[in-house]
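What follows is the content of model_24.pdb, which has PDB, C-alpha atoms (C1' of nucleotides):
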```pdb
ATOM      1  CA  MET A   1       0.000   0.000   0.000
ATOM      2  CA  ASN A   2       0.995   3.626  -0.462
ATOM      3  CA  ILE A   3       2.196   5.849   2.319
ATOM      4  CA  GLY A   4      -1.172   7.610   2.557
ATOM      5  CA  GLU A   5      -3.008   4.450   3.463
ATOM      6  CA  ALA A   6      -0.295   3.361   5.868
ATOM      7  CA  ALA A   7      -0.694   6.780   7.475
ATOM      8  CA  LYS A   8      -4.448   6.343   7.853
ATOM      9  CA  LEU A   9      -4.149   2.842   9.267
ATOM     10  CA  SER A  10      -1.339   3.676  11.679
ATOM     11  CA  GLY A  11      -2.304   7.138  12.812
ATOM     12  CA  VAL A  12       1.115   8.523  11.841
ATOM     13  CA  SER A  13       0.977  11.185   9.124
ATOM     14  CA  ALA A  14       2.699  10.513   5.787
ATOM     15  CA  LYS A  15       4.991  13.433   6.436
ATOM     16  CA  THR A  16       5.987  11.994   9.792
ATOM     17  CA  ILE A  17       6.521   8.507   8.392
ATOM     18  CA  ARG A  18       9.040   9.933   5.936
ATOM     19  CA  TYR A  19      10.620  11.849   8.781
ATOM     20  CA  TYR A  20      10.914   8.680  10.880
ATOM     21  CA  GLU A  21      12.557   6.959   7.952
ATOM     22  CA  SER A  22      14.974   9.859   7.464
ATOM     23  CA  ILE A  23      16.161   9.722  11.066
ATOM     24  CA  GLY A  24      16.440   5.943  11.003
ATOM     25  CA  LEU A  25      13.677   5.197  13.506
ATOM     26  CA  ILE A  26      12.180   2.861  10.920
ATOM     27  CA  PRO A  27      14.032   1.061   8.124
ATOM     28  CA  PRO A  28      13.741   2.472   4.582
ATOM     29  CA  ALA A  29      10.483   1.340   3.006
ATOM     30  CA  GLY A  30      10.501  -0.865  -0.071
ATOM     31  CA  ARG A  31       9.667   0.889  -3.323
ATOM     32  CA  LYS A  32       7.327   0.144  -6.168
ATOM     33  CA  GLU A  33       8.417   0.588  -9.768
ATOM     34  CA  SER A  34       6.984   4.095  -9.666
ATOM     35  CA  GLY A  35       9.331   4.998  -6.846
ATOM     36  CA  TYR A  36       6.428   5.144  -4.372
ATOM     37  CA  ARG A  37       7.071   3.684  -0.937
ATOM     38  CA  ASP A  38       5.317   0.370  -0.398
ATOM     39  CA  TYR A  39       4.009  -0.750   2.988
ATOM     40  CA  GLY A  40       2.570  -4.020   4.263
ATOM     41  CA  ARG A  41       0.989  -5.211   7.481
ATOM     42  CA  THR A  42       4.295  -5.488   9.350
ATOM     43  CA  GLU A  43       5.221  -1.892   8.637
ATOM     44  CA  VAL A  44       1.800  -0.615   9.630
ATOM     45  CA  GLU A  45       1.985  -2.550  12.899
ATOM     46  CA  MET A  46       5.338  -1.001  13.632
ATOM     47  CA  LEU A  47       3.970   2.463  12.901
ATOM     48  CA  ARG A  48       0.996   1.831  15.179
ATOM     49  CA  PHE A  49       3.406   0.732  17.898
ATOM     50  CA  ILE A  50       5.361   3.947  17.453
ATOM     51  CA  HIS A  51       2.207   6.034  17.425
ATOM     52  CA  ARG A  52       0.982   4.581  20.718
ATOM     53  CA  ALA A  53       4.344   4.923  22.382
ATOM     54  CA  ARG A  54       4.646   8.546  21.257
ATOM     55  CA  SER A  55       1.140   9.339  22.484
ATOM     56  CA  LEU A  56       2.202   8.026  25.880
ATOM     57  CA  GLY A  57       4.870  10.691  25.790
ATOM     58  CA  PHE A  58       7.911   8.514  25.118
ATOM     59  CA  SER A  59      10.627  10.418  23.272
ATOM     60  CA  VAL A  60      11.625   9.231  19.819
ATOM     61  CA  GLU A  61      14.825   7.933  21.392
ATOM     62  CA  ASP A  62      12.804   5.962  23.957
ATOM     63  CA  VAL A  63      10.662   4.620  21.153
ATOM     64  CA  SER A  64      13.759   3.511  19.323
ATOM     65  CA  GLY A  65      14.789   1.493  22.369
ATOM     66  CA  LEU A  66      11.298   0.095  22.828
ATOM     67  CA  LEU A  67      11.170  -0.928  19.168
ATOM     68  CA  ALA A  68      14.458  -2.781  19.511
ATOM     69  CA  LEU A  69      13.127  -4.602  22.571
ATOM     70  CA  TRP A  70       9.866  -5.287  20.797
ATOM     71  CA  ARG A  71      11.690  -6.923  17.906
ATOM     72  CA  ASP A  72      13.983  -8.856  20.228
ATOM     73  CA  ARG A  73      11.997 -11.946  21.172
ATOM     74  CA  SER A  74      14.496 -12.804  23.897
ATOM     75  CA  ARG A  75      14.445  -9.385  25.563
ATOM     76  CA  ALA A  76      14.123  -9.059  29.323
ATOM     77  CA  SER A  77      10.848  -7.478  30.415
ATOM     78  CA  GLY A  78      12.877  -5.697  33.092
ATOM     79  CA  ASP A  79      14.548  -3.582  30.403
ATOM     80  CA  VAL A  80      11.179  -2.417  29.130
ATOM     81  CA  LYS A  81       9.891  -1.750  32.612
ATOM     82  CA  ALA A  82      12.964   0.355  33.388
ATOM     83  CA  ILE A  83      12.301   2.638  30.424
ATOM     84  CA  ALA A  84       8.651   2.945  31.376
ATOM     85  CA  LEU A  85       9.349   3.668  35.033
ATOM     86  CA  ALA A  86      11.962   6.281  34.182
ATOM     87  CA  HIS A  87       9.348   7.931  32.018
ATOM     88  CA  VAL A  88       6.768   7.804  34.808
ATOM     89  CA  GLU A  89       9.221   9.512  37.109
ATOM     90  CA  ALA A  90       9.927  12.227  34.554
ATOM     91  CA  ILE A  91       6.184  12.776  34.208
ATOM     92  CA  GLU A  92       5.767  13.004  37.957
ATOM     93  CA  ARG A  93       8.524  15.575  38.240
ATOM     94  CA  LYS A  94       6.887  17.598  35.494
ATOM     95  CA  VAL A  95       3.480  17.449  37.197
ATOM     96  CA  VAL A  96       4.959  18.627  40.489
ATOM     97  CA  GLU A  97       6.655  21.507  38.710
ATOM     98  CA  LEU A  98       3.525  22.500  36.815
ATOM     99  CA  ASN A  99       1.383  22.365  39.933
ATOM    100  CA  SER A 100       3.814  24.589  41.762
ATOM    101  CA  ILE A 101       3.700  27.101  38.926
ATOM    102  CA  ARG A 102      -0.067  26.848  38.789
ATOM    103  CA  LYS A 103      -0.339  27.561  42.503
ATOM    104  CA  THR A 104       1.852  30.647  42.220
ATOM    105  CA  LEU A 105      -0.100  31.947  39.250
ATOM    106  CA  LEU A 106      -3.486  31.315  40.843
ATOM    107  CA  ASP A 107      -2.365  33.154  43.929
ATOM    108  CA  LEU A 108      -1.261  36.095  41.812
ATOM    109  CA  THR A 109      -4.366  36.179  39.646
ATOM    110  CA  CYS A 110      -6.601  36.060  42.702
ATOM    111  CA  ARG A 111      -4.881  39.130  44.046
ATOM    112  CA  CYS A 112      -5.245  40.960  40.735
ATOM    113  CA  HIS A 113      -8.618  42.668  40.443
ATOM    114  CA  GLY A 114      -8.369  42.404  36.664
ATOM    115  CA  ASP A 115     -10.187  45.524  35.544
ATOM    116  CA  ASP A 116      -9.324  48.754  33.727
ATOM    117  CA  ARG A 117      -7.124  50.083  36.473
ATOM    118  CA  PRO A 118      -3.360  49.811  35.968
ATOM    119  CA  ASP A 119      -2.178  48.462  39.302
ATOM    120  CA  CYS A 120      -1.476  44.764  38.996
ATOM    121  CA  PRO A 121       0.108  42.408  41.551
ATOM    122  CA  ILE A 122       1.120  40.030  38.776
ATOM    123  CA  LEU A 123       3.408  42.533  37.097
ATOM    124  CA  GLU A 124       4.627  43.746  40.466
ATOM    125  CA  GLU A 125       5.640  40.273  41.457
ATOM    126  CA  LEU A 126       7.404  39.665  38.149
ATOM    127  CA  ALA A 127       9.205  42.984  38.515
ATOM    128  CA  THR A 128      10.326  42.702  42.103
ATOM    129  CA  GLY A 129      10.588  38.951  42.584
TER     130      GLY A 129
ATOM    131  CA  MET B   1      28.315  46.723  32.870
ATOM    132  CA  ASN B   2      29.272  43.889  30.519
ATOM    133  CA  ILE B   3      26.888  41.192  29.447
ATOM    134  CA  GLY B   4      28.442  38.671  31.824
ATOM    135  CA  GLU B   5      27.602  40.708  34.891
ATOM    136  CA  ALA B   6      24.107  41.486  33.588
ATOM    137  CA  ALA B   7      23.714  37.740  33.153
ATOM    138  CA  LYS B   8      24.765  37.038  36.729
ATOM    139  CA  LEU B   9      22.526  39.742  38.181
ATOM    140  CA  SER B  10      19.480  38.819  36.107
ATOM    141  CA  GLY B  11      19.730  35.054  36.021
ATOM    142  CA  VAL B  12      19.565  35.049  32.210
ATOM    143  CA  SER B  13      22.702  33.643  30.552
ATOM    144  CA  ALA B  14      24.777  35.885  28.298
ATOM    145  CA  LYS B  15      24.006  33.591  25.406
ATOM    146  CA  THR B  16      20.297  33.906  26.037
ATOM    147  CA  ILE B  17      20.454  37.671  26.440
ATOM    148  CA  ARG B  18      21.986  37.917  22.972
ATOM    149  CA  TYR B  19      19.316  35.574  21.701
ATOM    150  CA  TYR B  20      16.552  37.715  23.216
ATOM    151  CA  GLU B  21      18.072  40.735  21.541
ATOM    152  CA  SER B  22      18.266  38.923  18.215
ATOM    153  CA  ILE B  23      14.568  38.051  18.257
ATOM    154  CA  GLY B  24      13.586  41.533  19.379
ATOM    155  CA  LEU B  25      12.273  40.579  22.812
ATOM    156  CA  ILE B  26      14.562  43.232  24.249
ATOM    157  CA  PRO B  27      15.856  46.345  22.452
ATOM    158  CA  PRO B  28      19.447  46.286  21.160
ATOM    159  CA  ALA B  29      21.860  47.065  23.980
ATOM    160  CA  GLY B  30      24.012  50.171  23.868
ATOM    161  CA  ARG B  31      27.658  49.588  23.029
ATOM    162  CA  LYS B  32      30.919  50.737  24.535
ATOM    163  CA  GLU B  33      33.767  51.936  22.356
ATOM    164  CA  SER B  34      35.116  48.405  22.352
ATOM    165  CA  GLY B  35      31.917  47.106  20.797
ATOM    166  CA  TYR B  36      30.953  45.347  24.024
ATOM    167  CA  ARG B  37      27.286  45.543  24.983
ATOM    168  CA  ASP B  38      26.654  47.857  27.920
ATOM    169  CA  TYR B  39      23.899  47.302  30.481
ATOM    170  CA  GLY B  40      22.536  49.397  33.314
ATOM    171  CA  ARG B  41      20.018  48.905  36.101
ATOM    172  CA  THR B  42      16.993  49.298  33.835
ATOM    173  CA  GLU B  43      18.155  46.558  31.481
ATOM    174  CA  VAL B  44      18.969  44.200  34.319
ATOM    175  CA  GLU B  45      15.522  44.785  35.823
ATOM    176  CA  MET B  46      13.919  43.962  32.510
ATOM    177  CA  LEU B  47      15.981  40.792  32.223
ATOM    178  CA  ARG B  48      14.997  39.760  35.748
ATOM    179  CA  PHE B  49      11.360  40.350  34.830
ATOM    180  CA  ILE B  50      11.792  38.152  31.785
ATOM    181  CA  HIS B  51      13.586  35.491  33.781
ATOM    182  CA  ARG B  52      10.805  35.268  36.359
ATOM    183  CA  ALA B  53       8.083  35.192  33.751
ATOM    184  CA  ARG B  54       9.871  32.449  31.805
ATOM    185  CA  SER B  55      10.384  30.400  34.946
ATOM    186  CA  LEU B  56       6.633  30.591  35.494
ATOM    187  CA  GLY B  57       6.328  28.919  32.124
ATOM    188  CA  PHE B  58       5.166  31.900  30.070
ATOM    189  CA  SER B  59       6.207  31.586  26.441
ATOM    190  CA  VAL B  60       8.538  34.185  24.999
ATOM    191  CA  GLU B  61       5.553  35.554  23.109
ATOM    192  CA  ASP B  62       3.583  35.851  26.363
ATOM    193  CA  VAL B  63       6.577  37.544  27.951
ATOM    194  CA  SER B  64       6.687  39.986  25.077
ATOM    195  CA  GLY B  65       3.070  40.924  25.826
ATOM    196  CA  LEU B  66       3.709  41.124  29.555
ATOM    197  CA  LEU B  67       6.727  43.358  28.985
ATOM    198  CA  ALA B  68       4.651  45.718  26.878
ATOM    199  CA  LEU B  69       2.025  45.888  29.620
ATOM    200  CA  TRP B  70       4.710  46.321  32.240
ATOM    201  CA  ARG B  71       6.121  49.313  30.390
ATOM    202  CA  ASP B  72       2.676  50.761  29.759
ATOM    203  CA  ARG B  73       1.870  52.693  32.915
ATOM    204  CA  SER B  74      -1.754  53.069  31.805
ATOM    205  CA  ARG B  75      -2.344  49.376  31.115
ATOM    206  CA  ALA B  76      -5.462  47.611  32.349
ATOM    207  CA  SER B  77      -4.712  44.947  34.940
ATOM    208  CA  GLY B  78      -7.403  42.873  33.254
ATOM    209  CA  ASP B  79      -5.149  42.421  30.242
ATOM    210  CA  VAL B  80      -2.416  40.990  32.410
ATOM    211  CA  LYS B  81      -4.819  38.776  34.292
ATOM    212  CA  ALA B  82      -6.174  37.388  31.016
ATOM    213  CA  ILE B  83      -2.716  36.277  29.902
ATOM    214  CA  ALA B  84      -2.032  34.707  33.283
ATOM    215  CA  LEU B  85      -5.366  32.902  33.429
ATOM    216  CA  ALA B  86      -4.972  31.548  29.906
ATOM    217  CA  HIS B  87      -1.608  30.220  30.992
ATOM    218  CA  VAL B  88      -3.102  28.631  34.112
ATOM    219  CA  GLU B  89      -5.659  26.881  31.945
ATOM    220  CA  ALA B  90      -2.972  25.589  29.597
ATOM    221  CA  ILE B  91      -1.062  24.273  32.597
ATOM    222  CA  GLU B  92      -4.141  22.572  33.931
ATOM    223  CA  ARG B  93      -4.811  20.876  30.609
ATOM    224  CA  LYS B  94      -1.229  19.680  30.531
ATOM    225  CA  VAL B  95      -1.439  18.300  34.069
ATOM    226  CA  VAL B  96      -4.607  16.388  33.240
ATOM    227  CA  GLU B  97      -2.953  14.930  30.154
ATOM    228  CA  LEU B  98       0.196  13.962  32.014
ATOM    229  CA  ASN B  99      -1.757  12.347  34.836
ATOM    230  CA  SER B 100      -3.736  10.300  32.371
ATOM    231  CA  ILE B 101      -0.539   9.099  30.726
ATOM    232  CA  ARG B 102       1.005   8.409  34.107
ATOM    233  CA  LYS B 103      -1.976   6.313  35.121
ATOM    234  CA  THR B 104      -1.794   4.235  31.960
ATOM    235  CA  LEU B 105       1.925   3.682  32.369
ATOM    236  CA  LEU B 106       1.690   2.799  36.038
ATOM    237  CA  ASP B 107      -1.000   0.290  35.250
ATOM    238  CA  LEU B 108       1.201  -1.262  32.585
ATOM    239  CA  THR B 109       4.336  -1.312  34.686
ATOM    240  CA  CYS B 110       2.498  -2.920  37.571
ATOM    241  CA  ARG B 111       1.428  -5.716  35.283
ATOM    242  CA  CYS B 112       4.963  -6.212  33.991
ATOM    243  CA  HIS B 113       6.971  -8.474  36.276
ATOM    244  CA  GLY B 114      10.142  -6.759  35.080
ATOM    245  CA  ASP B 115      12.644  -9.585  35.209
ATOM    246  CA  ASP B 116      14.757 -11.576  32.724
ATOM    247  CA  ARG B 117      11.804 -13.262  31.075
ATOM    248  CA  PRO B 118      10.693 -11.877  27.720
ATOM    249  CA  ASP B 119       6.930 -11.601  28.122
ATOM    250  CA  CYS B 120       5.973  -8.020  28.779
ATOM    251  CA  PRO B 121       2.494  -6.461  28.999
ATOM    252  CA  ILE B 122       3.931  -3.046  28.187
ATOM    253  CA  LEU B 123       5.138  -4.074  24.745
ATOM    254  CA  GLU B 124       1.990  -6.115  24.205
ATOM    255  CA  GLU B 125      -0.170  -3.108  24.893
ATOM    256  CA  LEU B 126       1.893  -0.901  22.602
ATOM    257  CA  ALA B 127       1.722  -3.537  19.885
ATOM    258  CA  THR B 128      -1.969  -4.365  20.018
ATOM    259  CA  GLY B 129      -3.466  -1.153  21.307
TER     260      GLY B 129
ATOM    261  C1'  DC C   1      -5.618  10.413 -26.211
ATOM    262  C1'  DC C   2      -5.915  14.148 -22.993
ATOM    263  C1'  DT C   3      -7.101  16.376 -18.892
ATOM    264  C1'  DT C   4      -7.989  16.563 -14.149
ATOM    265  C1'  DG C   5      -7.173  15.774  -9.528
ATOM    266  C1'  DA C   6      -5.467  12.989  -5.979
ATOM    267  C1'  DC C   7      -1.626  11.076  -4.657
ATOM    268  C1'  DC C   8       3.369  10.491  -4.497
ATOM    269  C1'  DT C   9       8.530  12.154  -4.684
ATOM    270  C1'  DT C  10      12.581  15.181  -2.901
ATOM    271  C1'  DC C  11      14.439  19.090  -0.813
ATOM    272  C1'  DC C  12      14.527  23.301   1.814
ATOM    273  C1'  DA C  13      12.933  26.051   5.494
ATOM    274  C1'  DG C  14      10.569  27.143   9.684
ATOM    275  C1'  DT C  15       8.644  26.223  14.410
ATOM    276  C1'  DG C  16      10.414  27.489  19.823
ATOM    277  C1'  DT C  17      14.011  28.248  22.900
ATOM    278  C1'  DC C  18      17.861  28.110  23.481
ATOM    279  C1'  DT C  19      22.918  25.916  23.637
ATOM    280  C1'  DG C  20      27.529  24.775  21.955
ATOM    281  C1'  DG C  21      31.432  25.861  19.503
ATOM    282  C1'  DA C  22      34.692  28.113  16.306
ATOM    283  C1'  DA C  23      37.365  32.114  15.112
ATOM    284  C1'  DG C  24      38.845  36.221  16.485
ATOM    285  C1'  DG C  25      38.910  41.003  19.178
ATOM    286  C1'  DT C  26      39.425  43.527  24.040
ATOM    287  C1'  DG C  27      40.877  44.507  28.753
ATOM    288  C1'  DG C  28      43.484  44.286  32.716
ATOM    289  C1'  DA C  29      47.044  41.964  35.659
ATOM    290  C1'  DG C  30      51.671  40.389  36.228
TER     291       DG C  30
ATOM    292  C1'  DC D   1      54.645  41.278  26.308
ATOM    293  C1'  DT D   2      52.157  37.527  27.677
ATOM    294  C1'  DC D   3      48.182  35.483  29.632
ATOM    295  C1'  DC D   4      43.640  34.712  30.617
ATOM    296  C1'  DA D   5      39.032  35.934  31.051
ATOM    297  C1'  DC D   6      35.825  38.109  28.733
ATOM    298  C1'  DC D   7      33.597  39.870  24.696
ATOM    299  C1'  DT D   8      32.090  39.688  19.511
ATOM    300  C1'  DT D   9      29.701  37.307  15.357
ATOM    301  C1'  DC D  10      28.091  33.481  12.941
ATOM    302  C1'  DC D  11      26.879  28.721  12.137
ATOM    303  C1'  DA D  12      25.001  24.434  13.659
ATOM    304  C1'  DG D  13      22.415  21.394  16.552
ATOM    305  C1'  DA D  14      18.866  19.916  19.723
ATOM    306  C1'  DC D  15      13.524  18.053  19.569
ATOM    307  C1'  DA D  16       9.813  16.356  16.637
ATOM    308  C1'  DC D  17       7.784  17.519  13.369
ATOM    309  C1'  DT D  18       5.172  20.659   9.685
ATOM    310  C1'  DG D  19       4.614  23.475   5.551
ATOM    311  C1'  DG D  20       5.456  24.392   0.973
ATOM    312  C1'  DA D  21       7.556  24.350  -3.691
ATOM    313  C1'  DA D  22       8.506  21.882  -7.830
ATOM    314  C1'  DG D  23       7.693  18.044 -10.138
ATOM    315  C1'  DG D  24       6.430  12.730 -11.143
ATOM    316  C1'  DT D  25       2.486   8.903 -11.154
ATOM    317  C1'  DC D  26      -1.955   6.963 -11.530
ATOM    318  C1'  DA D  27      -6.778   6.171 -12.400
ATOM    319  C1'  DA D  28     -11.127   7.989 -13.915
ATOM    320  C1'  DG D  29     -13.891  10.648 -17.093
ATOM    321  C1'  DG D  30     -14.648  13.000 -21.573
TER     322       DG D  30
END
```
Rewrite the coordinates I just gave you, this time as structure tokens.
Amino acid sequence: MNIGEAAKLSGVSAKTIRYYESIGLIPPAGRKESGYRDYGRTEVEMLRFIHRARSLGFSVEDVSGLLALWRDRSRASGDVKAIALAHVEAIERKVVELNSIRKTLLDLTCRCHGDDRPDCPILEELATG
Amino acid sequence: MNIGEAAKLSGVSAKTIRYYESIGLIPPAGRKESGYRDYGRTEVEMLRFIHRARSLGFSVEDVSGLLALWRDRSRASGDVKAIALAHVEAIERKVVELNSIRKTLLDLTCRCHGDDRPDCPILEELATG
DNA sequence: CCTTGACCTTCCAGTGTCTGGAAGGTGGAG
DNA sequence: CTCCACCTTCCAGACACTGGAAGGTCAAGG
């Protein structure tokens, strides 16, 4: 099948599939006589795998590692779990950081009357620290 | 003062100060005879303002708007509050998304025994959706 | 057979926010 | 005069795409 259909079936855009090929995340696709890339079920499955991993926030580098483990029938599940847990921890750190920022901003916005007058605790805080 | 000292006092690296100048976030610095950029208290204050806003997660574009409001003594505090509240909402959306991902991943990692054996629910889930 | 339009190809450039590094000039201390 | 820290500009890279230009391919309709 052409790249467009592979895109539809996998959820990865044609543009992004080509990009993944260019950076070596996926092997170069076979070509038809026309020069068009040709995909089969295996390739689409791999793209779906990538799509799901990316939507869980794994970096392309993580995905590359996960793909290698996926292909390696003798892999240790511990290796996969380690990648996943490291990612969970990164997410948790990010959530803590965002919540802290959110708290600060909510505090500031509550103290700002938010009307036509110029005095604004938000700007004051940013200015004076 | 030289850019290095302005960097130390403001918390924005020299490299980043030059970058901010290049994209027009801050006006071009005055120059000494040597060609070195020259900063005073006003510039350092502006850089500190930028630094604090950035560390609260405002985009450079947001900061540009906040700077304009900061300089505008007749601004409406409502304008500032609107930017801040929009940012709070974006943060909240992000936190919800991250927590959902975290939940999925924790569920998967709990089901993965994580040892030397090859069977792994994480990869299975990524593969089959 | 020809046109049309949807699809495909490659390549270049831009997004946002810096960061690193190379090549070379300046300033002050010893 | 040498040395070293600092400054300058410019180019490239990081992440993960996304957009667009210029042009080739394919199938359907007239």
Chain B least-squares fitted onto chain A over all paired Cα atoms, as a short mmCIF file (atom, residue, chain, number, x, y, z; two decimals) with C-alpha atoms, in the frame of the given file:
```cif
data_model
loop_
_atom_site.label_atom_id
_atom_site.label_comp_id
_atom_site.auth_asym_id
_atom_site.auth_seq_id
_atom_site.Cartn_x
_atom_site.Cartn_y
_atom_site.Cartn_z
CA MET B 1 0.01 0.06 0.03
CA ASN B 2 0.98 3.71 -0.44
CA ILE B 3 2.18 5.91 2.36
CA GLY B 4 -1.18 7.67 2.61
CA GLU B 5 -3.02 4.49 3.48
CA ALA B 6 -0.29 3.40 5.90
CA ALA B 7 -0.71 6.80 7.51
CA LYS B 8 -4.45 6.36 7.88
CA LEU B 9 -4.15 2.84 9.27
CA SER B 10 -1.35 3.66 11.70
CA GLY B 11 -2.34 7.12 12.86
CA VAL B 12 1.09 8.50 11.90
CA SER B 13 0.94 11.17 9.18
CA ALA B 14 2.68 10.54 5.86
CA LYS B 15 4.95 13.47 6.56
CA THR B 16 5.94 12.01 9.89
CA ILE B 17 6.49 8.54 8.47
CA ARG B 18 9.00 10.01 6.02
CA TYR B 19 10.58 11.89 8.88
CA TYR B 20 10.89 8.71 10.96
CA GLU B 21 12.54 7.03 8.01
CA SER B 22 14.93 9.94 7.55
CA ILE B 23 16.14 9.76 11.15
CA GLY B 24 16.43 5.99 11.04
CA LEU B 25 13.68 5.22 13.55
CA ILE B 26 12.18 2.90 10.96
CA PRO B 27 14.05 1.12 8.14
CA PRO B 28 13.74 2.57 4.62
CA ALA B 29 10.50 1.44 3.02
CA GLY B 30 10.54 -0.75 -0.07
CA ARG B 31 9.68 1.01 -3.31
CA LYS B 32 7.35 0.26 -6.18
CA GLU B 33 8.44 0.72 -9.76
CA SER B 34 7.01 4.22 -9.64
CA GLY B 35 9.32 5.14 -6.79
CA TYR B 36 6.41 5.26 -4.35
CA ARG B 37 7.07 3.80 -0.91
CA ASP B 38 5.32 0.48 -0.36
CA TYR B 39 4.02 -0.68 3.02
CA GLY B 40 2.60 -3.96 4.26
CA ARG B 41 1.02 -5.20 7.47
CA THR B 42 4.32 -5.47 9.33
CA GLU B 43 5.23 -1.85 8.65
CA VAL B 44 1.80 -0.60 9.63
CA GLU B 45 2.00 -2.56 12.89
CA MET B 46 5.34 -1.00 13.65
CA LEU B 47 3.97 2.46 12.93
CA ARG B 48 0.99 1.82 15.20
CA PHE B 49 3.39 0.71 17.92
CA ILE B 50 5.34 3.92 17.48
CA HIS B 51 2.19 6.00 17.46
CA ARG B 52 0.97 4.53 20.74
CA ALA B 53 4.33 4.88 22.42
CA ARG B 54 4.63 8.51 21.30
CA SER B 55 1.14 9.29 22.52
CA LEU B 56 2.19 7.97 25.91
CA GLY B 57 4.86 10.64 25.83
CA PHE B 58 7.89 8.45 25.15
CA SER B 59 10.59 10.35 23.30
CA VAL B 60 11.60 9.16 19.86
CA GLU B 61 14.80 7.89 21.43
CA ASP B 62 12.80 5.91 24.00
CA VAL B 63 10.64 4.56 21.19
CA SER B 64 13.75 3.49 19.35
CA GLY B 65 14.77 1.45 22.41
CA LEU B 66 11.28 0.04 22.85
CA LEU B 67 11.15 -0.97 19.19
CA ALA B 68 14.44 -2.82 19.53
CA LEU B 69 13.11 -4.66 22.58
CA TRP B 70 9.84 -5.34 20.81
CA ARG B 71 11.68 -6.96 17.92
CA ASP B 72 13.97 -8.89 20.23
CA ARG B 73 12.01 -12.00 21.14
CA SER B 74 14.52 -12.84 23.87
CA ARG B 75 14.42 -9.44 25.57
CA ALA B 76 14.12 -9.12 29.33
CA SER B 77 10.86 -7.52 30.41
CA GLY B 78 12.88 -5.72 33.07
CA ASP B 79 14.53 -3.62 30.38
CA VAL B 80 11.16 -2.46 29.13
CA LYS B 81 9.89 -1.80 32.62
CA ALA B 82 12.96 0.32 33.38
CA ILE B 83 12.29 2.60 30.42
CA ALA B 84 8.64 2.92 31.38
CA LEU B 85 9.37 3.63 35.04
CA ALA B 86 11.97 6.25 34.17
CA HIS B 87 9.34 7.88 32.01
CA VAL B 88 6.78 7.76 34.83
CA GLU B 89 9.26 9.48 37.11
CA ALA B 90 9.93 12.19 34.54
CA ILE B 91 6.19 12.73 34.21
CA GLU B 92 5.80 12.97 37.95
CA ARG B 93 8.56 15.55 38.21
CA LYS B 94 6.90 17.56 35.47
CA VAL B 95 3.51 17.41 37.20
CA VAL B 96 5.02 18.62 40.46
CA GLU B 97 6.71 21.50 38.65
CA LEU B 98 3.57 22.47 36.77
CA ASN B 99 1.44 22.36 39.91
CA SER B 100 3.88 24.60 41.71
CA ILE B 101 3.75 27.10 38.86
CA ARG B 102 -0.02 26.84 38.73
CA LYS B 103 -0.26 27.58 42.44
CA THR B 104 1.92 30.66 42.13
CA LEU B 105 -0.06 31.94 39.18
CA LEU B 106 -3.43 31.30 40.78
CA ASP B 107 -2.30 33.15 43.86
CA LEU B 108 -1.23 36.09 41.72
CA THR B 109 -4.34 36.15 39.58
CA CYS B 110 -6.56 36.04 42.64
CA ARG B 111 -4.83 39.12 43.96
CA CYS B 112 -5.22 40.94 40.65
CA HIS B 113 -8.61 42.61 40.39
CA GLY B 114 -8.38 42.34 36.61
CA ASP B 115 -10.21 45.45 35.49
CA ASP B 116 -9.37 48.69 33.65
CA ARG B 117 -7.18 50.06 36.40
CA PRO B 118 -3.42 49.79 35.90
CA ASP B 119 -2.21 48.44 39.23
CA CYS B 120 -1.49 44.75 38.93
CA PRO B 121 0.09 42.40 41.48
CA ILE B 122 1.11 40.02 38.71
CA LEU B 123 3.40 42.53 37.03
CA GLU B 124 4.61 43.75 40.41
CA GLU B 125 5.63 40.26 41.39
CA LEU B 126 7.39 39.67 38.09
CA ALA B 127 9.18 42.99 38.43
CA THR B 128 10.32 42.75 42.03
CA GLY B 129 10.60 39.02 42.53
#
```
(request) Check what the PyMOL selection byres ((chain B) within 9 of (chain C)) selects in the file above and give those residues as a list in words. (result)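 Applying the PyMOL selection byres ((chain B) within 9 of (chain C)) to the structure shown produces Lys15, Thr16, Tyr19, Ser34, Gly35, Tyr36, Ser59 and Val60 of chain B.
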(message) Given the PyMOL selection byres ((chain D) within 10 of (chain B)) and the file above, list the residues it selects as a list in words.
(response)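 On this input, the PyMOL selection byres ((chain D) within 10 of (chain B)) captures DC6, DC7 and DT8 of chain D.
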(request) Pull out every residue of chain B sitting within 7 Å of chain A, counting all atoms listed in the file, and send them as a VMD selection string. (result) chain B and resid 49 52 to 53 56 70 73 to 78 81 84 88 91 95 98 101 to 102 105 109 112 114 to 120 123 126 to 127
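When CA of Lys8 (chain B) is paired with CA of Val44 (chain B), their separation reads 9.5 Å.
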Please give the centre and size of the box around region 9-17 of chain C (axis-aligned, containing every atom listed in the file, 4 Å added per side), with values in Å to one decimal and written as AutoDock Vina command-line options.
```
--center_x 11.5 --center_y 20.2 --center_z 9.1 --size_x 14.0 --size_y 24.1 --size_z 35.6
```
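In this structure, CA of Val63 (chain B) sits 23.0 Å away from C1' of DA14 (chain D).
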(request) May I ask for the distance between CA of Ala6 (chain B) and CA of Ser64 (chain B), given in Å to one decimal place? (result)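 Value for the CA of Ala6 (chain B)-CA of Ser64 (chain B) distance: 19.4 Å.
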